[in-house]
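Peer 1: What follows is upload.cif, mmCIF, C-alpha atoms and all ligand atoms.
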data_structure
#
loop_
_atom_site.label_atom_id
_atom_site.label_comp_id
_atom_site.auth_asym_id
_atom_site.auth_seq_id
_atom_site.Cartn_x
_atom_site.Cartn_y
_atom_site.Cartn_z
CA MET U 524 27.08 -14.23 -24.13
CA GLU U 525 30.12 -15.36 -22.14
CA GLN U 526 30.93 -19.00 -21.74
CA GLY U 527 29.99 -20.40 -18.35
CA GLY U 528 27.36 -17.70 -17.82
CA SER U 529 24.16 -17.93 -15.83
CA GLY U 530 22.12 -19.33 -18.71
CA ARG U 531 19.19 -17.34 -17.39
CA VAL U 532 16.79 -15.36 -19.51
CA ALA U 533 16.48 -11.65 -18.69
CA LEU U 534 13.94 -9.23 -20.13
CA VAL U 535 14.84 -5.54 -19.98
CA THR U 536 12.40 -2.79 -20.95
CA GLY U 537 13.63 0.50 -22.39
CA SER U 538 16.74 -1.30 -23.61
CA ALA U 539 17.41 0.86 -26.68
CA ARG U 540 19.48 3.49 -24.89
CA GLY U 541 20.57 4.95 -21.57
CA ILE U 542 20.33 2.89 -18.41
CA GLY U 543 18.36 0.08 -20.07
CA ARG U 544 21.01 -0.41 -22.72
CA ALA U 545 23.73 -0.50 -20.06
CA VAL U 546 21.69 -3.02 -18.05
CA ALA U 547 21.32 -5.23 -21.13
CA GLU U 548 25.07 -5.10 -21.63
CA ALA U 549 25.82 -5.92 -17.97
CA LEU U 550 23.38 -8.84 -17.91
CA ASP U 551 24.76 -10.16 -21.20
CA ARG U 552 28.26 -9.99 -19.72
CA ALA U 553 26.99 -11.91 -16.68
CA GLY U 554 25.86 -14.68 -19.02
CA HIS U 555 22.16 -14.00 -19.40
CA GLU U 556 20.24 -14.35 -22.60
CA VAL U 557 18.85 -10.83 -22.83
CA ILE U 558 15.57 -9.85 -24.47
CA GLY U 559 15.18 -6.12 -25.02
CA VAL U 560 11.85 -4.33 -25.30
CA ASP U 561 11.56 -0.77 -26.54
CA ARG U 562 9.23 1.36 -28.60
CA ILE U 563 12.18 2.75 -30.58
CA ARG U 564 14.49 0.83 -32.88
CA GLN U 565 17.22 -1.06 -31.09
CA ASP U 566 20.66 -1.82 -32.34
CA SER U 567 22.56 -3.73 -29.72
CA ALA U 568 25.06 -6.53 -29.79
CA PHE U 569 24.09 -7.38 -26.21
CA LEU U 570 20.59 -8.50 -27.05
CA ALA U 571 19.67 -12.05 -27.99
CA ARG U 572 16.31 -10.73 -29.10
CA MET U 573 14.72 -7.34 -29.67
CA ILE U 574 11.01 -6.64 -29.36
CA GLU U 575 9.58 -3.37 -30.63
CA ALA U 576 6.50 -2.57 -28.57
CA ASP U 577 4.75 0.34 -26.90
CA LEU U 578 4.38 -0.39 -23.19
CA ALA U 579 1.72 2.29 -22.86
CA ASP U 580 -0.64 -0.30 -24.37
CA PRO U 581 -2.00 -2.53 -21.57
CA ALA U 582 -2.34 -5.50 -23.95
CA VAL U 583 1.40 -5.54 -24.67
CA PRO U 584 2.81 -7.16 -21.48
CA VAL U 585 0.62 -10.27 -21.88
CA GLN U 586 1.47 -10.47 -25.59
CA ILE U 587 5.18 -10.28 -24.79
CA ALA U 588 4.88 -12.96 -22.11
CA ARG U 589 3.05 -15.27 -24.51
CA ASP U 590 5.66 -14.63 -27.13
CA VAL U 591 8.85 -15.09 -25.10
CA GLY U 592 7.85 -17.79 -22.62
CA ARG U 593 10.08 -18.19 -19.56
CA VAL U 594 11.87 -15.18 -18.12
CA ASP U 595 14.03 -15.50 -15.00
CA VAL U 596 14.99 -11.86 -14.56
CA LEU U 597 12.61 -8.97 -15.30
CA VAL U 598 13.99 -5.43 -15.32
CA ASN U 599 11.27 -2.77 -15.50
CA ASN U 600 13.31 0.17 -16.74
CA ALA U 601 11.31 1.95 -19.48
CA ALA U 602 9.81 5.25 -18.43
CA VAL U 603 8.72 8.63 -19.68
CA LEU U 604 9.44 11.92 -17.95
CA ILE U 605 7.18 14.85 -18.77
CA SER U 606 8.49 17.97 -17.10
CA LYS U 607 5.72 20.51 -16.66
CA GLU U 608 4.41 22.70 -13.88
CA PHE U 609 1.79 20.89 -11.81
CA SER U 610 -0.92 23.31 -12.97
CA ALA U 611 -0.02 22.66 -16.63
CA THR U 612 0.11 18.86 -16.37
CA ALA U 613 -2.76 17.54 -18.48
CA VAL U 614 -4.76 14.38 -17.90
CA ALA U 615 -3.07 12.89 -20.96
CA ASP U 616 0.39 13.62 -19.46
CA PHE U 617 -0.61 12.01 -16.18
CA ASP U 618 -2.18 8.98 -17.87
CA LEU U 619 0.79 8.33 -20.18
CA THR U 620 3.22 8.64 -17.27
CA MET U 621 1.26 6.18 -15.16
CA ALA U 622 0.70 3.80 -18.07
CA VAL U 623 4.39 3.46 -18.95
CA ASN U 624 6.07 3.97 -15.57
CA LEU U 625 3.70 2.08 -13.27
CA ARG U 626 0.99 0.10 -15.09
CA ALA U 627 3.38 -1.60 -17.51
CA PRO U 628 5.68 -2.83 -14.70
CA PHE U 629 2.59 -4.00 -12.78
CA LEU U 630 1.33 -5.96 -15.80
CA LEU U 631 4.75 -7.36 -16.70
CA CYS U 632 5.19 -8.60 -13.12
CA GLN U 633 1.74 -10.18 -13.32
CA ALA U 634 2.62 -11.84 -16.62
CA PHE U 635 6.02 -13.23 -15.61
CA ALA U 636 5.66 -13.97 -11.88
CA PRO U 637 3.81 -17.29 -12.41
CA GLY U 638 6.69 -18.68 -14.49
CA MET U 639 9.21 -17.57 -11.88
CA ALA U 640 7.12 -19.23 -9.17
CA ALA U 641 6.92 -22.45 -11.18
CA ALA U 642 10.73 -22.42 -11.49
CA GLY U 643 11.11 -21.60 -7.78
CA TRP U 644 13.51 -18.76 -8.66
CA GLY U 645 13.02 -15.28 -10.04
CA ARG U 646 14.31 -11.75 -9.91
CA ILE U 647 12.31 -8.57 -10.52
CA ILE U 648 14.17 -5.27 -10.52
CA ASN U 649 12.23 -2.03 -10.88
CA VAL U 650 14.05 1.12 -11.93
CA ALA U 651 12.46 3.80 -9.76
CA SER U 652 13.99 7.22 -9.15
CA ILE U 653 15.39 9.53 -6.51
CA SER U 654 12.19 11.53 -7.14
CA ALA U 655 10.18 8.77 -5.41
CA ARG U 656 11.86 10.01 -2.22
CA THR U 657 12.04 13.75 -2.90
CA GLY U 658 9.01 14.48 -5.11
CA GLY U 659 11.45 15.59 -7.81
CA ARG U 660 13.23 18.88 -8.34
CA SER U 661 12.29 19.85 -11.89
CA GLN U 662 8.49 20.04 -12.12
CA VAL U 663 7.85 16.32 -12.45
CA SER U 664 4.85 15.69 -10.17
CA ALA U 665 3.27 12.88 -12.23
CA TYR U 666 6.63 11.22 -12.83
CA ALA U 667 7.60 11.35 -9.14
CA ALA U 668 4.21 9.93 -8.14
CA SER U 669 4.62 7.08 -10.64
CA LYS U 670 8.05 6.27 -9.21
CA ALA U 671 6.79 6.36 -5.62
CA GLY U 672 4.09 3.94 -6.76
CA LEU U 673 6.77 1.69 -8.21
CA VAL U 674 8.65 1.63 -4.90
CA SER U 675 5.44 0.68 -3.13
CA LEU U 676 4.69 -2.01 -5.73
CA THR U 677 8.20 -3.38 -5.16
CA ARG U 678 7.42 -3.86 -1.47
CA SER U 679 3.97 -5.36 -2.07
CA LEU U 680 5.35 -7.88 -4.54
CA ALA U 681 8.37 -8.71 -2.38
CA ARG U 682 5.86 -9.93 0.22
CA GLU U 683 3.56 -11.74 -2.19
CA LEU U 684 6.19 -13.37 -4.39
CA GLY U 685 8.87 -14.08 -1.78
CA PRO U 686 7.41 -17.41 -0.68
CA SER U 687 7.68 -18.72 -4.25
CA GLY U 688 11.37 -17.82 -4.52
CA THR U 689 11.17 -14.52 -6.37
CA THR U 690 12.92 -11.44 -5.03
CA VAL U 691 11.60 -8.00 -5.94
CA ASN U 692 13.80 -4.94 -5.54
CA ALA U 693 14.14 -1.42 -6.88
CA VAL U 694 16.97 0.93 -7.64
CA ALA U 695 16.47 4.67 -7.24
CA PRO U 696 18.91 6.44 -9.56
CA GLY U 697 19.59 10.15 -9.57
CA ALA U 698 21.55 12.33 -12.00
CA ILE U 699 22.50 9.80 -14.65
CA GLU U 700 23.85 11.09 -17.97
CA THR U 701 21.14 9.96 -20.43
CA ALA U 702 18.66 11.45 -22.90
CA MET U 703 16.23 11.87 -20.00
CA VAL U 704 18.29 14.67 -18.46
CA GLU U 705 19.52 16.24 -21.70
CA GLY U 706 17.01 19.08 -21.48
CA LEU U 707 18.00 20.20 -17.98
CA ALA U 708 18.75 23.92 -17.81
CA PRO U 709 22.51 24.48 -17.26
CA GLU U 710 21.98 26.40 -14.01
CA LEU U 711 19.78 23.61 -12.62
CA ARG U 712 22.38 21.01 -13.63
CA GLY U 713 25.10 23.08 -11.95
CA ARG U 714 23.04 23.38 -8.77
CA PHE U 715 22.42 19.62 -8.74
CA VAL U 716 26.12 18.85 -9.16
CA SER U 717 26.97 21.19 -6.29
CA GLU U 718 24.55 19.24 -4.07
CA ILE U 719 25.90 15.78 -4.96
CA PRO U 720 28.75 14.64 -2.68
CA LEU U 721 30.44 12.81 -5.57
CA GLY U 722 30.25 16.06 -7.55
CA ARG U 723 29.10 14.89 -10.98
CA PHE U 724 26.43 13.11 -13.01
CA ALA U 725 26.93 9.35 -13.37
CA ARG U 726 27.32 7.02 -16.33
CA PRO U 727 24.44 4.57 -17.03
CA GLU U 728 26.87 1.70 -16.31
CA GLU U 729 27.02 2.84 -12.69
CA VAL U 730 23.34 1.95 -12.32
CA ALA U 731 23.59 -1.19 -14.44
CA SER U 732 26.18 -2.73 -12.10
CA VAL U 733 23.74 -2.43 -9.18
CA VAL U 734 20.89 -3.93 -11.22
CA SER U 735 23.21 -6.76 -12.23
CA PHE U 736 24.04 -7.42 -8.58
CA LEU U 737 20.32 -7.60 -7.71
CA ALA U 738 19.77 -10.02 -10.61
CA GLY U 739 22.42 -12.42 -9.39
CA ASP U 740 22.77 -15.12 -6.74
CA GLY U 741 24.78 -12.75 -4.52
CA ALA U 742 21.58 -10.82 -3.78
CA SER U 743 19.67 -13.89 -2.61
CA TRP U 744 18.74 -12.33 0.75
CA VAL U 745 17.77 -8.92 -0.59
CA THR U 746 14.10 -8.32 -1.29
CA GLY U 747 11.74 -5.38 -0.94
CA ALA U 748 14.73 -3.03 -0.96
CA THR U 749 15.12 0.23 -2.85
CA ILE U 750 18.80 0.92 -3.39
CA ASP U 751 19.79 4.56 -3.84
CA VAL U 752 22.21 5.04 -6.75
CA ASN U 753 22.60 8.79 -6.60
CA GLY U 754 26.16 9.75 -5.62
CA GLY U 755 24.92 10.61 -2.12
CA TRP U 756 22.59 13.35 -3.37
CA VAL U 757 19.82 12.15 -1.06
CA MET U 758 20.45 9.85 1.88
CA VAL U 759 17.53 8.27 3.74
P1 LIG J 1 16.00 7.22 -21.57
O1 LIG J 1 14.93 8.14 -21.96
O2 LIG J 1 17.33 7.33 -22.22
O3 LIG J 1 15.53 5.70 -21.69
C1 LIG J 1 14.20 5.29 -21.53
C2 LIG J 1 13.92 4.20 -22.53
O4 LIG J 1 12.56 3.77 -22.35
C3 LIG J 1 14.04 4.69 -23.99
O5 LIG J 1 14.79 3.79 -24.76
C4 LIG J 1 12.59 4.78 -24.43
O6 LIG J 1 12.39 4.58 -25.83
C5 LIG J 1 11.94 3.66 -23.61
N1 LIG J 1 10.49 3.88 -23.51
C6 LIG J 1 9.87 5.01 -23.13
N2 LIG J 1 8.54 4.86 -23.26
C7 LIG J 1 8.32 3.62 -23.74
C8 LIG J 1 7.15 2.89 -24.11
N3 LIG J 1 5.94 3.45 -24.04
N4 LIG J 1 7.29 1.62 -24.56
C9 LIG J 1 8.52 1.07 -24.67
N5 LIG J 1 9.66 1.71 -24.35
C10 LIG J 1 9.57 2.98 -23.89
O7 LIG J 1 16.18 7.45 -20.00
P2 LIG J 1 17.06 6.72 -18.87
O8 LIG J 1 17.64 7.80 -18.04
O9 LIG J 1 17.94 5.67 -19.43
O10 LIG J 1 15.90 6.05 -18.01
C11 LIG J 1 15.89 4.69 -17.62
C12 LIG J 1 15.20 4.57 -16.28
O11 LIG J 1 15.96 5.26 -15.28
C13 LIG J 1 13.80 5.18 -16.24
O12 LIG J 1 12.95 4.35 -15.47
C14 LIG J 1 14.02 6.50 -15.52
O13 LIG J 1 12.85 6.96 -14.91
C15 LIG J 1 15.09 6.09 -14.54
N6 LIG J 1 15.82 7.22 -13.97
C16 LIG J 1 16.71 7.94 -14.71
C17 LIG J 1 17.38 9.00 -14.12
C18 LIG J 1 18.40 9.84 -14.85
O14 LIG J 1 18.99 10.73 -14.22
N7 LIG J 1 18.66 9.60 -16.12
C19 LIG J 1 17.13 9.33 -12.78
C20 LIG J 1 16.21 8.59 -12.07
C21 LIG J 1 15.57 7.53 -12.67
#
Rewrite the coordinates I just gave you, this time as structure tokens.
Peer 2:
Amino acid sequence: MEQGGSGRVALVTGSARGIGRAVAEALDRAGHEVIGVDRIRQDSAFLARMIEADLADPAVPVQIARDVGRVDVLVNNAAVLISKEFSATAVADFDLTMAVNLRAPFLLCQAFAPGMAAAGWGRIINVASISARTGGRSQVSAYAASKAGLVSLTRSLARELGPSGTTVNAVAPGAIETAMVEGLAPELRGRFVSEIPLGRFARPEEVASVVSFLAGDGASWVTGATIDVNGGWVMV
């Protein structure tokens, strides 16, 4: 942690790799004490504390909250993407997607919002997706629905938690170079790049910088927003 930092505690889910790891690094650089939660092993110099937990389990968010105490900044980033045709998407696929991508953020917000309210200051940032706006482009119906739910949850909580000093925002990334998009067929990837005004996939750090902005004092008048971080791929 840098000297003269914020001194705030941030909890980032899905912090082992990809966007979550980059967010942990950015928040550490901004002076936060960063707690990382992931179901896979973490190995990061940016984390003050690492928690190995499966967020598909609804008991986990409350356990984590009991364990860590006060959190000022909550970043709901962990997610699973199961790419299957709609007709082939099983109940188990749907349930896992909703459990990790939507229920866990819901429960983590529920667990940490009272502490933020007591402090009179809090930041919740939900990592949604461009697919919340488009429905997705690669057979991801359950995933896209979970992300649209997360955008709606962001708005609901912005209203409910605003009076107690907590802002709630989302980012909607698209085409970020992480494990999540590794399996994309080359022709699909090429088509996507041709549709993106900035003409490339992005680095995870290019999402982390926006999350870091939303976590800071400079975003004090931003709440209920979903910020597109997609190179101009979709503009709404
Ligand atoms: P990623 O797969 O590299 O990272 C996801 C992380 O979440 C992993 O570390 C994984 O272990 C963790 N995770 C998954 N299930 C978990 C569980 N049950 N319990 C605990 N941790 C769990 O992918 P990423 O691209 O870095 O994704 C980060 C976020 O960005 C996700 O919310 C994703 O939906 C979103 N997003 C990514 C893209 C993209 O192009 N990469 C686009 C839109 C949205």
Peer 1: Have a look at atom CA of U:Ala671 and atom CA of U:Ala702 and let me know their distance in Å, one decimal.
Peer 2: 21.6 Å
Peer 1: Residues contacting ligand LIG 1 (chain J) - anything with an atom at most 8 Å away, using all atoms listed in the file - can you give me those as a ChimeraX atom specification?
Peer 2: /U:536-544,560-563,575-580,599-604,622-624,649-654,666,670,695-704,724,727
Peer 1: Taking all atoms listed in the file into account, which of U:Gly755, U:Pro628, U:Gly658, U:Pro584 comes nearest U:Leu680?
Peer 2: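 Comparing U:Gly755, U:Pro628, U:Gly658, U:Pro584 against U:Leu680, the winner is U:Pro628.
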Peer 1: Between atom CA of U:Asp551 and atom CA of U:Leu570, what distance in Å does the model show, to one decimal?
Peer 2: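 About the pair atom CA of U:Asp551 and atom CA of U:Leu570: they are 7.4 Å apart.
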Peer 1: Using all atoms listed in the file, determine which residues lie at most 10 Å from U:Val591, disregarding the query and same-chain residues fewer than 4 positions distant; provide the list as number ranges by chain.
Peer 2: U: 532, 534, 558, 572, 574, 586-587
Peer 1: So which one's closest to U:Val730, U:Leu631, U:Ala533, U:Val546, U:Val663? Using only C-alpha atoms, please.
Peer 2: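 For U:Val730, the nearest of the candidates is U:Val546.
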Peer 1: Choose the residue, out of U:Gly530, U:Arg723, U:Ala549, U:Ser606, that has the smallest atom-to-atom separation from U:Arg660; count only C-alpha atoms.
Peer 2: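 Closest to U:Arg660, using only C-alpha atoms: U:Ser606.
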Peer 1: N, CA, C and O atoms are needed for stretch 565-584 of chain U; please write them out as a JSON list (two decimals), in the coordinates of the input.
Peer 2:
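result14.json written:
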[["chain", "number", "residue", "atom", "x", "y", "z"],
["U", 565, "GLN", "N", 16.07, -0.69, -31.90],
["U", 565, "GLN", "CA", 17.22, -1.06, -31.09],
["U", 565, "GLN", "C", 18.32, -1.58, -32.00],
["U", 565, "GLN", "O", 18.05, -2.19, -33.02],
["U", 566, "ASP", "N", 19.52, -1.37, -31.55],
["U", 566, "ASP", "CA", 20.66, -1.82, -32.34],
["U", 566, "ASP", "C", 21.74, -2.17, -31.32],
["U", 566, "ASP", "O", 22.53, -1.33, -30.93],
["U", 567, "SER", "N", 21.67, -3.39, -30.82],
["U", 567, "SER", "CA", 22.56, -3.73, -29.72],
["U", 567, "SER", "C", 23.10, -5.14, -29.86],
["U", 567, "SER", "O", 22.35, -6.10, -30.04],
["U", 568, "ALA", "N", 24.40, -5.23, -29.72],
["U", 568, "ALA", "CA", 25.06, -6.53, -29.79],
["U", 568, "ALA", "C", 24.80, -7.34, -28.53],
["U", 568, "ALA", "O", 25.08, -8.54, -28.48],
["U", 569, "PHE", "N", 24.27, -6.68, -27.50],
["U", 569, "PHE", "CA", 24.09, -7.38, -26.21],
["U", 569, "PHE", "C", 22.77, -8.12, -26.14],
["U", 569, "PHE", "O", 22.50, -8.82, -25.17],
["U", 570, "LEU", "N", 21.93, -7.92, -27.13],
["U", 570, "LEU", "CA", 20.59, -8.50, -27.05],
["U", 570, "LEU", "C", 20.47, -9.77, -27.89],
["U", 570, "LEU", "O", 20.83, -9.79, -29.07],
["U", 571, "ALA", "N", 19.94, -10.82, -27.26],
["U", 571, "ALA", "CA", 19.67, -12.05, -27.99],
["U", 571, "ALA", "C", 18.43, -11.86, -28.85],
["U", 571, "ALA", "O", 18.27, -12.50, -29.89],
["U", 572, "ARG", "N", 17.56, -10.96, -28.39],
["U", 572, "ARG", "CA", 16.31, -10.73, -29.10],
["U", 572, "ARG", "C", 15.80, -9.33, -28.83],
["U", 572, "ARG", "O", 15.92, -8.84, -27.69],
["U", 573, "MET", "N", 15.25, -8.70, -29.85],
["U", 573, "MET", "CA", 14.72, -7.34, -29.67],
["U", 573, "MET", "C", 13.23, -7.34, -29.98],
["U", 573, "MET", "O", 12.82, -7.88, -31.01],
["U", 574, "ILE", "N", 12.45, -6.74, -29.12],
["U", 574, "ILE", "CA", 11.01, -6.64, -29.36],
["U", 574, "ILE", "C", 10.65, -5.16, -29.42],
["U", 574, "ILE", "O", 10.95, -4.41, -28.47],
["U", 575, "GLU", "N", 10.02, -4.77, -30.52],
["U", 575, "GLU", "CA", 9.58, -3.37, -30.63],
["U", 575, "GLU", "C", 8.13, -3.33, -30.18],
["U", 575, "GLU", "O", 7.26, -3.96, -30.80],
["U", 576, "ALA", "N", 7.86, -2.62, -29.11],
["U", 576, "ALA", "CA", 6.50, -2.57, -28.57],
["U", 576, "ALA", "C", 6.32, -1.31, -27.74],
["U", 576, "ALA", "O", 7.28, -0.81, -27.15],
["U", 577, "ASP", "N", 5.07, -0.85, -27.69],
["U", 577, "ASP", "CA", 4.75, 0.34, -26.90],
["U", 577, "ASP", "C", 4.12, -0.11, -25.58],
["U", 577, "ASP", "O", 2.99, -0.59, -25.55],
["U", 578, "LEU", "N", 4.84, 0.10, -24.50],
["U", 578, "LEU", "CA", 4.38, -0.39, -23.19],
["U", 578, "LEU", "C", 3.25, 0.45, -22.61],
["U", 578, "LEU", "O", 2.70, 0.11, -21.56],
["U", 579, "ALA", "N", 2.89, 1.53, -23.30],
["U", 579, "ALA", "CA", 1.72, 2.29, -22.86],
["U", 579, "ALA", "C", 0.42, 1.52, -23.14],
["U", 579, "ALA", "O", -0.62, 1.82, -22.57],
["U", 580, "ASP", "N", 0.53, 0.52, -24.01],
["U", 580, "ASP", "CA", -0.64, -0.30, -24.37],
["U", 580, "ASP", "C", -0.77, -1.45, -23.37],
["U", 580, "ASP", "O", 0.13, -2.28, -23.25],
["U", 581, "PRO", "N", -1.89, -1.51, -22.63],
["U", 581, "PRO", "CA", -2.00, -2.53, -21.57],
["U", 581, "PRO", "C", -2.06, -3.97, -22.10],
["U", 581, "PRO", "O", -1.90, -4.92, -21.32],
["U", 582, "ALA", "N", -2.30, -4.13, -23.40],
["U", 582, "ALA", "CA", -2.34, -5.50, -23.95],
["U", 582, "ALA", "C", -0.93, -6.05, -24.19],
["U", 582, "ALA", "O", -0.74, -7.27, -24.32],
["U", 583, "VAL", "N", 0.05, -5.15, -24.25],
["U", 583, "VAL", "CA", 1.40, -5.54, -24.67],
["U", 583, "VAL", "C", 2.11, -6.50, -23.70],
["U", 583, "VAL", "O", 2.70, -7.49, -24.14],
["U", 584, "PRO", "N", 2.09, -6.24, -22.38],
["U", 584, "PRO", "CA", 2.81, -7.16, -21.48],
["U", 584, "PRO", "C", 2.39, -8.63, -21.63],
["U", 584, "PRO", "O", 3.25, -9.52, -21.68]]
